[in-house]
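S.K.: Structure incoming, see below.
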Amino acid sequence: MKRSKQEAREAGNEKKGQPGQIQYAFFFDSSACSACKSCVLACRDKNNWPPGVRWRRVYELCGGEWLRVGNNWVPDLIAYNLSLGCNHCEEPVCLKGCPSRAISKRPDGIVLIDRKKCLGCRYCEWSCPYGAPQYDVAAGRMTKCDLCYDLVDQGEKPACVSACPMRALDFGPLDELMEKYGQVRTVFPLPEAGITRPAFIIKLHPTASKAGPGKVTVGNNEEV
Amino acid sequence: MTSQQNVNKKAAIASSRGEVMIRTGCPSHNCGGRCLLRVYLKDGVITRIDGDDRPDTIEAPQLRPCPRGRAYRRRQYHPDRLRYPLKRTGRRGEGKFERISWDEALDLVASELSRVKEKYGNSALFVPYGTGSYNQINGRQTATRLLHLFGGCLGFYNSYSWACITPATLTVYGTTTTGNQRQDWLNSRYILMWSWNPAEMRDGTNSDYFVKLARERGAKVVCLDPRLTPSAIALADEWIPIRPGTDAAMMSAMAYVMITENLYDADFIRTHSVGFDETQMPPGFEAEETYKDYILGRRDGVPKTPGWAESICGVPAETIARIAREYATIKPAMLYLGYGLQRRAYGEQAVRAACVLAALTGNIGIHGGWASGLANQAPDGGPFWLVFPVGENPVKASIPSFLWTEVVLRGREMGPEDGVVGVPKLDNNIKLLYVVASNCLINQHANTNRTAKILSDESLVEFIVVHEQFMTPTARFADVVLPACTQFETWGLEDGWKYGDEVILMPKILEPLPETRSDYAICAEVAERLGFGEKYTEGRDEKQWVEWMLDVYRQTRFPDLPSLDELLEKNLGVWARPVTDPAVAFEDFRRDPEKYPLPTPSGKIEIFSARISGLGKQAEIPAVPKYIQEWESPFGEEAKKYPLQAIGHHYLARVHSTHHNNDWLREAFPQRVFINPVDAEERGIKTGQLVKVFNERGALLLPCRLTLKIRPGVVAIPQGAWWEPDEEGLDHGGNINVLTSERWSPYAFGNTQHTIMVQVEKYEEK
């Protein structure tokens, strides 16, 4: 059984000392992601949600065009994948907007929803620009990626990270990840990083530099 | 003793949630990988499946499971698992069955085996190809052993996976061990992924990861495929959307560029090959067309220029020339062949042409190079796959695996012209099918409607027994269905899939569903009834066979392999032999071709094959590799009616047809027709709409997904979805085999299931 959110908060406190000292984060290497969705299925198996509740999602972005050159079709395409859970933002808009104060942030940065307090109003789902809150229809409560805090508290990595066959996901303190992987925290169609300050670092796919509104769409909407 | 006690509890790490963790091999299908799971159990039930937690090194990388391993609980605990033996009550294939006891079922199977043997002889018995279980104790090899001890059965060779690439590689090199160990890929500077899609078909756990590592060390990667595959997106610097079935044309044009621009390794060709030009034709064949003759068009008047190839393969001439120059000048380089391009009409040709390019560029026998062809792993051919002993088959007749329906219809007329080996002519049609863990009878064989008609005729095949875990389309055609347990519910053992230097143990971690048994145990019971139970089991149960097989590995590839007790005691799950000095295929041959000749007739790389020339079928089986227009092609008459090429790629929703009913995978990978907007717009089709895909052989119905990630003129329907025909024969399951053809390739007698033309239209409800 999962521990209560209170216990989880305390665990975070004990471990990390001063609030705000640490901010756990995900790193995602979009240039090496094949959209195999091992992360998605590892998350589903670990957290046991039925289809429809999608704590981790892989968006397949694609755009560009096929050009007629003589008798041939020649592609000029943009194609990259984006694996997203919850970004456990430094400034979580979900938390700010929650009318029942069901959302909290641990001192290690992990953002959690307390199901007991959640009214199921879905306001966080509306406010989050990353699609992280996932509604549990059966229970009438909101859920979302909890960064596998039970594993993290035992010194392990989240299920999605250790699952990636391409070693394209990583986890750790945000500052350490930035030092290792750089400062990029957004890619189309995600918003400017300044809005919520996501704990999310991305290595861009080479074609992503050409992406933008009207140029790229999500090709697998029914899956995410 | 409960299953969990099979693993020492001290070693099984208990989690804070009162679970035990056991390391075991991921259930072994023909998935392209062999991975390690950490299975968490509580009260005998799997609560969670995690992956490999050993140190992750290049020498012995973690065996991280793909989504199918991650989603395994949904298969293991599926409500539709078969729970007791069934006997057919309706017409064959109708799907009507009644429950019977194990005794009745086994008696029936044993008596039918005896009856058919008595009436027709052993060669009327057949265990068809199939790869649904692959862990030694479950899988078709258990039935093969049974029938061999019963006096034999009609054998088969070749597979539905590698039908053309295996014999085609042999014609060039005399061996299929043409691949370097994968750690050596990191030495490559240039990798052509030709029809190769390791992200989806896997092709050895970690193969995609090794390409990533090669890229990080500076290799440029180019992918040639009609689809912008997941592999191309994650691994390639450039994608070339080649038209399906035209690979040999582009390869020929690349050879043209290398020859006319003098970019090929003339010294290597002179010393290590035969048949390139008139100076090195085998004795007695001096007057025949050389490879250079063909490429330069000296005899047929058609120089195989990039311009010539452009009109065939749909790749601009300048791109073809550039790729040829890159591959010839960036050293060392790899041309890695996938298998999709050889499941085609003349699949042999592209394989041989690729091997010739590897020779022309001198990339054979060197670090970072690649001889192309099948590329089993040097130095020893790599993993064994199956070590369960099937014994000698007293029946010497063997057929190409794909031609079994022909033997049902006209076996007694078949001889070498149909690929029959071992006997001058078959003496029987197939009268009894013993099917284990295979969906090849219906779902995975070509031209489903034809096969269903053949099997429905009870005067042809008189008895069909199927071991299965679910009521698959094949099981629906059984006369008796015997419920098999899953691989978690028995013992097993696996090594790598093509690549790998590991032995992976699969302890029995769950109690089987009450009335289910391992394929081995079922066959042992049948053997008992036939009077040779002791001979079949040699007194061993499943666990004792695993010990016996561990010893096989100990005596061969893994001398230091610990005992079963130690593997269990330490909860190891896997025993790896780290690769610190990766082997390179043909290293000796390259150094000294006289001292270390190839096992070919000439001892050299056979660009021209005298043996093939001797077949006298130049139009379809030329002695040097050529491009030949396929029998269903966008350039043929058939394209007027059916203008689109259709390909059935591997899909992570399933392993072939296994996992079809797994809801977690289905959500992540829905079954769709993938079509380019160019083709969709012409037909007024929008994404998500139901479309009908059809040709002369059948029709299927599926929602479509518009995607830019496929070449216009080509549609993709992932292979393996279960056939669900309605009363009019329209398939609602999305099984591409209602559209595929039973015609086989001319030299390998292999399946050509990717060579089909179709039409797509918006489906209007009647």
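The chains in the structure tokens are called A, B, ... from first to last as shown; in each chain the residues are counted from 1, and the ligands are counted from 1 in the order shown.
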Env of Lys37 (chain A): 8 Å cut, atoms = only C-alpha atoms, seq-sep filter 2 positions within chain, self excluded. Answer as a PDB file with N, CA and C atoms, in the first residue's frame.
M.R.:
```
ATOM      1  N   ALA A  35       9.777   6.294 -29.375  1.00  0.00           N
ATOM      2  CA  ALA A  35       8.356   6.125 -29.037  1.00  0.00           C
ATOM      3  C   ALA A  35       7.999   4.660 -28.826  1.00  0.00           C
ATOM      4  N   CYS A  39       8.399   3.273 -21.292  1.00  0.00           N
ATOM      5  CA  CYS A  39       8.171   4.130 -20.118  1.00  0.00           C
ATOM      6  C   CYS A  39       6.691   4.154 -19.754  1.00  0.00           C
ATOM      7  N   VAL A  40       5.847   4.233 -20.781  1.00  0.00           N
ATOM      8  CA  VAL A  40       4.393   4.299 -20.558  1.00  0.00           C
ATOM      9  C   VAL A  40       3.909   3.006 -19.886  1.00  0.00           C
ATOM     10  N   LEU A  41       4.377   1.873 -20.399  1.00  0.00           N
ATOM     11  CA  LEU A  41       3.915   0.596 -19.855  1.00  0.00           C
ATOM     12  C   LEU A  41       4.549   0.310 -18.497  1.00  0.00           C
ATOM     13  N   VAL A  58       3.480   9.428 -24.413  1.00  0.00           N
ATOM     14  CA  VAL A  58       4.473   9.726 -25.451  1.00  0.00           C
ATOM     15  C   VAL A  58       3.743  10.357 -26.631  1.00  0.00           C
TER      16      VAL A  58
ATOM     17  N   PRO B  67       7.972  -2.775 -24.075  1.00  0.00           N
ATOM     18  CA  PRO B  67       6.632  -2.653 -23.492  1.00  0.00           C
ATOM     19  C   PRO B  67       5.873  -3.977 -23.373  1.00  0.00           C
ATOM     20  N   ALA B 668      -1.773   1.592 -26.139  1.00  0.00           N
ATOM     21  CA  ALA B 668      -0.562   2.304 -26.538  1.00  0.00           C
ATOM     22  C   ALA B 668      -0.273   2.170 -28.029  1.00  0.00           C
TER      23      ALA B 668
END
```
S.K.: Per residue of chain B within 6 Å of chain A, what are the shortest atom pair and its distance in Å to one decimal, counting only C-alpha atoms, with rows by chain and residue number, as JSON lines?
M.R.:
```
{"residue": "B:Arg48", "atom": "CA", "partner": "A:Lys46", "partner_atom": "CA", "distance": 6.0}
{"residue": "B:Arg64", "atom": "CA", "partner": "A:Pro165", "partner_atom": "CA", "distance": 5.6}
{"residue": "B:Cys66", "atom": "CA", "partner": "A:Ser38", "partner_atom": "CA", "distance": 5.4}
{"residue": "B:Pro67", "atom": "CA", "partner": "A:Ser38", "partner_atom": "CA", "distance": 4.3}
{"residue": "B:Arg70", "atom": "CA", "partner": "A:Ala42", "partner_atom": "CA", "distance": 5.6}
{"residue": "B:Tyr209", "atom": "CA", "partner": "A:Met166", "partner_atom": "CA", "distance": 5.2}
{"residue": "B:Pro230", "atom": "CA", "partner": "A:Ser34", "partner_atom": "CA", "distance": 4.6}
{"residue": "B:Ser231", "atom": "CA", "partner": "A:Ser34", "partner_atom": "CA", "distance": 5.9}
{"residue": "B:Ala234", "atom": "CA", "partner": "A:Ala32", "partner_atom": "CA", "distance": 4.4}
{"residue": "B:Gly314", "atom": "CA", "partner": "A:Asn72", "partner_atom": "CA", "distance": 5.5}
{"residue": "B:Ala668", "atom": "CA", "partner": "A:Glu223", "partner_atom": "CA", "distance": 5.7}
```
S.K.: So that I have them on file, write out the residues from the current selection with C-alpha atoms, as a PDB file, in the first residue's frame.
M.R.:
```pdb
ATOM      1  CA  ARG B  48       4.650  -5.676 -10.487  1.00  0.00           C
ATOM      2  CA  ARG B  64      15.838  -3.911 -20.486  1.00  0.00           C
ATOM      3  CA  CYS B  66      10.293  -3.617 -24.090  1.00  0.00           C
ATOM      4  CA  PRO B  67       6.632  -2.653 -23.492  1.00  0.00           C
ATOM      5  CA  ARG B  70       6.261  -4.579 -19.135  1.00  0.00           C
ATOM      6  CA  TYR B 209      20.938   1.099 -28.169  1.00  0.00           C
ATOM      7  CA  PRO B 230      10.645   4.698 -34.969  1.00  0.00           C
ATOM      8  CA  SER B 231      14.222   3.560 -35.593  1.00  0.00           C
ATOM      9  CA  ALA B 234      15.582   7.894 -33.050  1.00  0.00           C
ATOM     10  CA  GLY B 314      11.620   6.474 -56.366  1.00  0.00           C
ATOM     11  CA  ALA B 668      -0.562   2.304 -26.538  1.00  0.00           C
TER      12      ALA B 668
END
```
S.K.: Using only C-alpha atoms, which residues sit within 9 Å of region 618-623 of chain B once same-chain residues fewer than 3 positions away are excluded, as JSON, numbers by chain?
M.R.: {"B": [288, 289, 290, 291, 346, 348, 349, 607, 608, 609, 610, 611, 612, 613, 614, 615, 626, 628, 746, 747]}
S.K.: Please produce an output containing C-alpha atoms for each residue in the selection, written as a tab-separated table (two decimals), in the first residue's frame.
M.R.:
```tsv
chain	number	residue	atom	x	y	z
B	288	GLU	CA	28.51	-16.03	-68.63
B	289	GLU	CA	27.43	-12.56	-67.64
B	290	THR	CA	29.63	-11.11	-64.90
B	291	TYR	CA	28.41	-8.73	-62.22
B	346	TYR	CA	12.59	-11.81	-55.17
B	348	GLU	CA	17.01	-13.30	-52.47
B	349	GLN	CA	18.27	-10.59	-54.83
B	607	ILE	CA	29.43	-12.51	-56.49
B	608	PHE	CA	28.70	-14.95	-59.30
B	609	SER	CA	27.38	-18.31	-58.15
B	610	ALA	CA	28.17	-21.24	-60.39
B	611	ARG	CA	25.77	-23.34	-58.40
B	612	ILE	CA	22.91	-20.95	-59.09
B	613	SER	CA	23.86	-20.73	-62.73
B	614	GLY	CA	23.55	-24.51	-62.84
B	615	LEU	CA	19.89	-24.26	-61.86
B	626	LYS	CA	19.82	-8.43	-60.15
B	628	ILE	CA	13.67	-8.13	-60.94
B	746	PRO	CA	11.84	-18.71	-56.48
B	747	TYR	CA	15.11	-19.77	-54.86
```
S.K.: Show which residues sit within 12 Å of Asp293 (chain B), as a list in words. Count only C-alpha atoms, and ignore same-chain residues fewer than 2 positions away.
M.R.: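 Here the answer would be Ser252, Ala255, Tyr256, Ile259, Gly275, Phe276, Asp277, Glu278, Thr279, Met281, Ala287, Glu288, Glu289, Thr290, Tyr291, Ile295, Leu296, Gly297, Arg298, Arg299, Asp300, Gly301, Val302, Pro303, Lys304, Phe608, Val624, Pro625 and Lys626 of chain B.
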S.K.: Just the residues within 10 Å of Arg683 (chain B), please, counting only C-alpha atoms, with nothing from its chain fewer than 6 positions along; format it as a list in words.
M.R.: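 So the residues in contact are Pro677, Val760, Glu761 and Lys762 of chain B.
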S.K.: Calculate how many Å separate CA of Phe156 (chain B) from CA of Trp723 (chain B), rounding to one decimal.
M.R.: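 Calculated distance between CA of Phe156 (chain B) and CA of Trp723 (chain B) is 25.3 Å.
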S.K.: Excluding Ile312 (chain B) and any residue of its chain fewer than 3 positions from it, enumerate the residues within 12 Å of it, using only C-alpha atoms, and give them as a VMD selection string.
M.R.: (chain A and resid 71 to 72) or (chain B and resid 242 to 253 304 to 309 315 to 317 320 627 to 630 633 to 635)
S.K.: Could those residues be written to a file, using C-alpha atoms, as a PDB file, in the first residue's frame?
M.R.:
```
ATOM      1  CA  ASN A  71       8.145  11.846 -60.808  1.00  0.00           C
ATOM      2  CA  ASN A  72       9.217  11.363 -57.227  1.00  0.00           C
TER       3      ASN A  72
ATOM      4  CA  ILE B 242      12.606   3.816 -50.913  1.00  0.00           C
ATOM      5  CA  ARG B 243       9.727   2.139 -52.748  1.00  0.00           C
ATOM      6  CA  PRO B 244       9.101  -1.374 -51.382  1.00  0.00           C
ATOM      7  CA  GLY B 245      10.533  -4.207 -53.447  1.00  0.00           C
ATOM      8  CA  THR B 246      13.047  -2.104 -55.354  1.00  0.00           C
ATOM      9  CA  ASP B 247      16.053  -2.350 -53.029  1.00  0.00           C
ATOM     10  CA  ALA B 248      18.125  -4.356 -55.482  1.00  0.00           C
ATOM     11  CA  ALA B 249      17.684  -1.602 -58.078  1.00  0.00           C
ATOM     12  CA  MET B 250      19.157   1.034 -55.792  1.00  0.00           C
ATOM     13  CA  MET B 251      21.937  -1.307 -54.724  1.00  0.00           C
ATOM     14  CA  SER B 252      22.793  -1.992 -58.365  1.00  0.00           C
ATOM     15  CA  ALA B 253      22.953   1.731 -59.089  1.00  0.00           C
ATOM     16  CA  LYS B 304      22.208   0.382 -64.035  1.00  0.00           C
ATOM     17  CA  THR B 305      22.713   4.100 -63.579  1.00  0.00           C
ATOM     18  CA  PRO B 306      21.264   6.132 -60.734  1.00  0.00           C
ATOM     19  CA  GLY B 307      18.864   7.595 -63.295  1.00  0.00           C
ATOM     20  CA  TRP B 308      17.664   4.108 -64.216  1.00  0.00           C
ATOM     21  CA  ALA B 309      17.195   3.255 -60.526  1.00  0.00           C
ATOM     22  CA  VAL B 315      14.831   7.862 -54.904  1.00  0.00           C
ATOM     23  CA  PRO B 316      16.408  10.820 -56.729  1.00  0.00           C
ATOM     24  CA  ALA B 317      19.461   9.852 -58.798  1.00  0.00           C
ATOM     25  CA  ILE B 320      21.579   7.368 -54.852  1.00  0.00           C
ATOM     26  CA  TYR B 627      16.777  -6.274 -59.764  1.00  0.00           C
ATOM     27  CA  ILE B 628      13.666  -8.131 -60.939  1.00  0.00           C
ATOM     28  CA  GLN B 629      10.248  -6.497 -61.064  1.00  0.00           C
ATOM     29  CA  GLU B 630       7.937  -8.179 -58.564  1.00  0.00           C
ATOM     30  CA  SER B 633       4.020  -4.251 -58.396  1.00  0.00           C
ATOM     31  CA  PRO B 634       3.075  -0.629 -58.949  1.00  0.00           C
ATOM     32  CA  PHE B 635       4.561  -1.097 -62.445  1.00  0.00           C
TER      33      PHE B 635
END
```
S.K.: Report the distance between CA of Val222 (chain B) and CA of Ile240 (chain B) in Å, rounded to one decimal place.
M.R.: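 Distance between the two atoms: 7.5 Å.
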S.K.: If you count only C-alpha atoms, which residues fall within 7 Å of Pro158 (chain A), apart from same-chain ones fewer than 5 positions away, as a list in words?
M.R.: Leu147, Cys148, Leu151 and Val152 of chain A
S.K.: Give the strand (DSSP E or B) residues of region 508-577 of chain B, as DSSP finds them on the backbone, and put them as a list in words.
M.R.: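 Those residues are Arg517, Val574, Trp575 and Ala576 of chain B.
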S.K.: Take the residues just selected and output them with C-alpha atoms as a PDB file, in the first residue's frame.
M.R.:
```pdb
ATOM      1  CA  ARG B 517       0.121 -27.966 -18.212  1.00  0.00           C
ATOM      2  CA  VAL B 574      20.977 -14.230 -15.925  1.00  0.00           C
ATOM      3  CA  TRP B 575      24.548 -15.336 -16.496  1.00  0.00           C
ATOM      4  CA  ALA B 576      26.459 -13.057 -18.849  1.00  0.00           C
TER       5      ALA B 576
END
```
S.K.: Quick one, how far is CA of Cys35 (chain B) from CA of Ile201 (chain A)?
M.R.: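 So the answer is 28.9 Å.
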S.K.: Which residue gives the smallest distance to Thr143 (chain A) among A:Gly155, A:Gly212, A:Pro189, A:Glu125, with only C-alpha atoms counted?
M.R.: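 So, comparing all the options, the nearest one is A:Glu125.
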S.K.: Restricting the calculation to only C-alpha atoms, which member of A:Ile202, A:Val161, A:Ala139, A:Ile103 is positioned closest to Arg56 (chain A)?
M.R.: A:Val161
